[in-house]
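Engineer: Have a look at the structure that comes next, please.
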Amino acid sequence: MKNNVIYSIIILFLFSFFNSCASIKEDKQKDTFIQQFVNNNAIISSLESFYGGKVITIYDENKVLVKANKTFNTESKTVDIVILKPKNDQYITIKNFIFNKNLTCLTFLTSDREEGIVFYLKRKDNKDEWKISNMFKQQTR
């Protein structure tokens with residue numbers, strides 16, 4: 001009986017360890033994706049077309065991209081991803097985020113919910129380089 005308890009504890013420990021390692025790997029892949037996403041000129045100019053200015057504010061209400069506010073400086077713009085709703089109405093909200101091994105879908109809505117934009121990005125041969133597969137803007141009403 002004592003051996004069964006010890007084996008159960010060891011199995012539980014190993015399961016927790018491997019689960020933690022998988023989570024760390026996924027977080028690293030997501031961080032790489034976010035860095036490439038905000039540094040992609042086509043994506044930045046698409047997001048910029050909604051609200052002009054030097055700063056593009058992305059409201060991450062459900063904390064799907066970041067767990068805390070994060071600022072990215074690109075060549076021409078600053079991208080702020082915030083988790084608290086901005087006071088002004090010049091922001092884009094993340095509506096949907098699907099992150100898979102080789103395909104990602106990211107959907108945004110403007111703060112007035114009049115327009116949206118969908119990005120599909122894919123990764124070839126499990127490399128860390130994400131490329132735009134498709135993107136389209138759409139009126140919501």
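Residue names in the structure tokens use chain letters A, B, ... in the order shown, residue numbers from 1 in each chain, and ligand numbers from 1 in the order shown.
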Identify, on the basis of only C-alpha atoms, every residue whose closest approach to Asn134 in chain A does not exceed 10 Å; exclude the query and any residue fewer than 5 positions from it along the same chain; express the result as a PyMOL selection string.
Structural biologist: chain A and resi 105+118-122
Engineer: Write the residues you've just listed into a file as an mmCIF file, in the first residue's frame, and include all heavy atoms for each of them.
Structural biologist:
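Saved as result_15.cif:
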data_model
loop_
_atom_site.group_PDB
_atom_site.id
_atom_site.type_symbol
_atom_site.label_atom_id
_atom_site.label_comp_id
_atom_site.auth_asym_id
_atom_site.auth_seq_id
_atom_site.Cartn_x
_atom_site.Cartn_y
_atom_site.Cartn_z
ATOM 1 N N CYS A 105 -5.305 32.814 -35.910
ATOM 2 C CA CYS A 105 -6.342 33.739 -36.357
ATOM 3 C C CYS A 105 -6.519 34.787 -35.261
ATOM 4 O O CYS A 105 -6.657 34.452 -34.089
ATOM 5 C CB CYS A 105 -7.654 33.006 -36.604
ATOM 6 S SG CYS A 105 -9.012 34.104 -37.029
ATOM 7 N N VAL A 118 -9.634 40.854 -39.704
ATOM 8 C CA VAL A 118 -9.237 39.493 -39.364
ATOM 9 C C VAL A 118 -7.890 39.211 -40.018
ATOM 10 O O VAL A 118 -7.692 39.491 -41.194
ATOM 11 C CB VAL A 118 -10.282 38.466 -39.856
ATOM 12 C CG1 VAL A 118 -9.843 37.050 -39.534
ATOM 13 C CG2 VAL A 118 -11.645 38.749 -39.266
ATOM 14 N N PHE A 119 -6.974 38.675 -39.227
ATOM 15 C CA PHE A 119 -5.669 38.272 -39.722
ATOM 16 C C PHE A 119 -5.526 36.764 -39.569
ATOM 17 O O PHE A 119 -5.826 36.210 -38.513
ATOM 18 C CB PHE A 119 -4.535 38.923 -38.910
ATOM 19 C CG PHE A 119 -4.448 40.403 -39.047
ATOM 20 C CD1 PHE A 119 -4.997 41.227 -38.078
ATOM 21 C CD2 PHE A 119 -3.817 40.977 -40.131
ATOM 22 C CE1 PHE A 119 -4.911 42.598 -38.183
ATOM 23 C CE2 PHE A 119 -3.728 42.357 -40.242
ATOM 24 C CZ PHE A 119 -4.270 43.166 -39.273
ATOM 25 N N TYR A 120 -5.077 36.124 -40.621
ATOM 26 C CA TYR A 120 -4.678 34.719 -40.566
ATOM 27 C C TYR A 120 -3.177 34.694 -40.828
ATOM 28 O O TYR A 120 -2.713 35.193 -41.850
ATOM 29 C CB TYR A 120 -5.389 33.883 -41.628
ATOM 30 C CG TYR A 120 -6.850 33.669 -41.344
ATOM 31 C CD1 TYR A 120 -7.812 34.450 -41.967
ATOM 32 C CD2 TYR A 120 -7.263 32.686 -40.458
ATOM 33 C CE1 TYR A 120 -9.160 34.255 -41.710
ATOM 34 C CE2 TYR A 120 -8.612 32.482 -40.197
ATOM 35 C CZ TYR A 120 -9.551 33.269 -40.827
ATOM 36 O OH TYR A 120 -10.879 33.083 -40.568
ATOM 37 N N LEU A 121 -2.445 34.145 -39.901
ATOM 38 C CA LEU A 121 -1.004 34.038 -40.059
ATOM 39 C C LEU A 121 -0.623 32.565 -39.975
ATOM 40 O O LEU A 121 -1.206 31.809 -39.190
ATOM 41 C CB LEU A 121 -0.280 34.823 -38.965
ATOM 42 C CG LEU A 121 -0.488 36.320 -39.056
ATOM 43 C CD1 LEU A 121 -1.522 36.755 -38.051
ATOM 44 C CD2 LEU A 121 0.795 37.047 -38.842
ATOM 45 N N LYS A 122 0.347 32.174 -40.788
ATOM 46 C CA LYS A 122 0.774 30.786 -40.734
ATOM 47 C C LYS A 122 2.283 30.702 -40.646
ATOM 48 O O LYS A 122 3.004 31.644 -40.957
ATOM 49 C CB LYS A 122 0.247 30.007 -41.931
ATOM 50 C CG LYS A 122 0.805 30.398 -43.256
ATOM 51 C CD LYS A 122 0.201 29.535 -44.346
ATOM 52 C CE LYS A 122 0.767 29.942 -45.697
ATOM 53 N NZ LYS A 122 0.261 29.116 -46.759
#
Engineer: Please give the complete set of residues from range 72-139 of chain A that DSSP, run on the backbone, assigns to strand (DSSP E), formatted as a PyMOL selection string.
Structural biologist: chain A and resi 72-73+78-82+92-99+103-110+115-123+130-139
Engineer: When distances are computed from only C-alpha atoms, which of A:Lys127, A:Tyr91, A:Lys63, A:Phe72 shows the smallest separation from Asp112 in chain A?
Structural biologist: A:Tyr91
Engineer: For a test of reading the model, state the distance in Å between CA of Met135 in chain A and CA of Glu61 in chain A, rounded to one decimal.
Structural biologist: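 Separating CA of Met135 in chain A from CA of Glu61 in chain A is a distance of 21.9 Å.
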Engineer: Please provide as a ChimeraX atom specification all residues within 10 Å of range 50-54 of chain A, with the sequence filter that same-chain residues fewer than 4 positions apart are discarded (counting only C-alpha atoms).
Structural biologist: /A:45-46,76-79,89-92,109-111,115-117
Engineer: Among the residues of chain A, find those DSSP assigns to helix (DSSP H, G or I) from the backbone and print them as an MDAnalysis selection string.
Structural biologist: chainID A and resid 2:38 41:48
Engineer: Between A:Asn102, A:Asn62, A:Gln35, A:Lys28, which one has atoms that come closest to Ile83 in chain A, using only C-alpha atoms?
Structural biologist: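 Smallest separation from Ile83 in chain A among the options: A:Asn62.
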Engineer: Tell me, in Å to one decimal, how far CA of Ile94 in chain A is from CA of Asn126 in chain A.
Structural biologist: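 Pair CA of Ile94 in chain A / CA of Asn126 in chain A returns 25.3 Å.
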Engineer: Figure out the distance between CA of Ser49 in chain A and CA of Trp130 in chain A, please, to one decimal in Å.
Structural biologist: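 These two atoms are separated by 21.9 Å.
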Engineer: Considering only C-alpha atoms, state which residue in the set A:Thr140, A:Lys87, A:Val82, A:Lys101 is at the smallest distance from Asp125 in chain A.
Structural biologist: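 Selected residue with least distance to Asp125 in chain A: A:Lys101.
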Engineer: Which residues, written as a PyMOL selection string, have at least one atom at most 9 Å from Asn96 in chain A, with only C-alpha atoms counted and residues fewer than 4 positions away on the same chain left out?
Structural biologist: chain A and resi 64+105-108
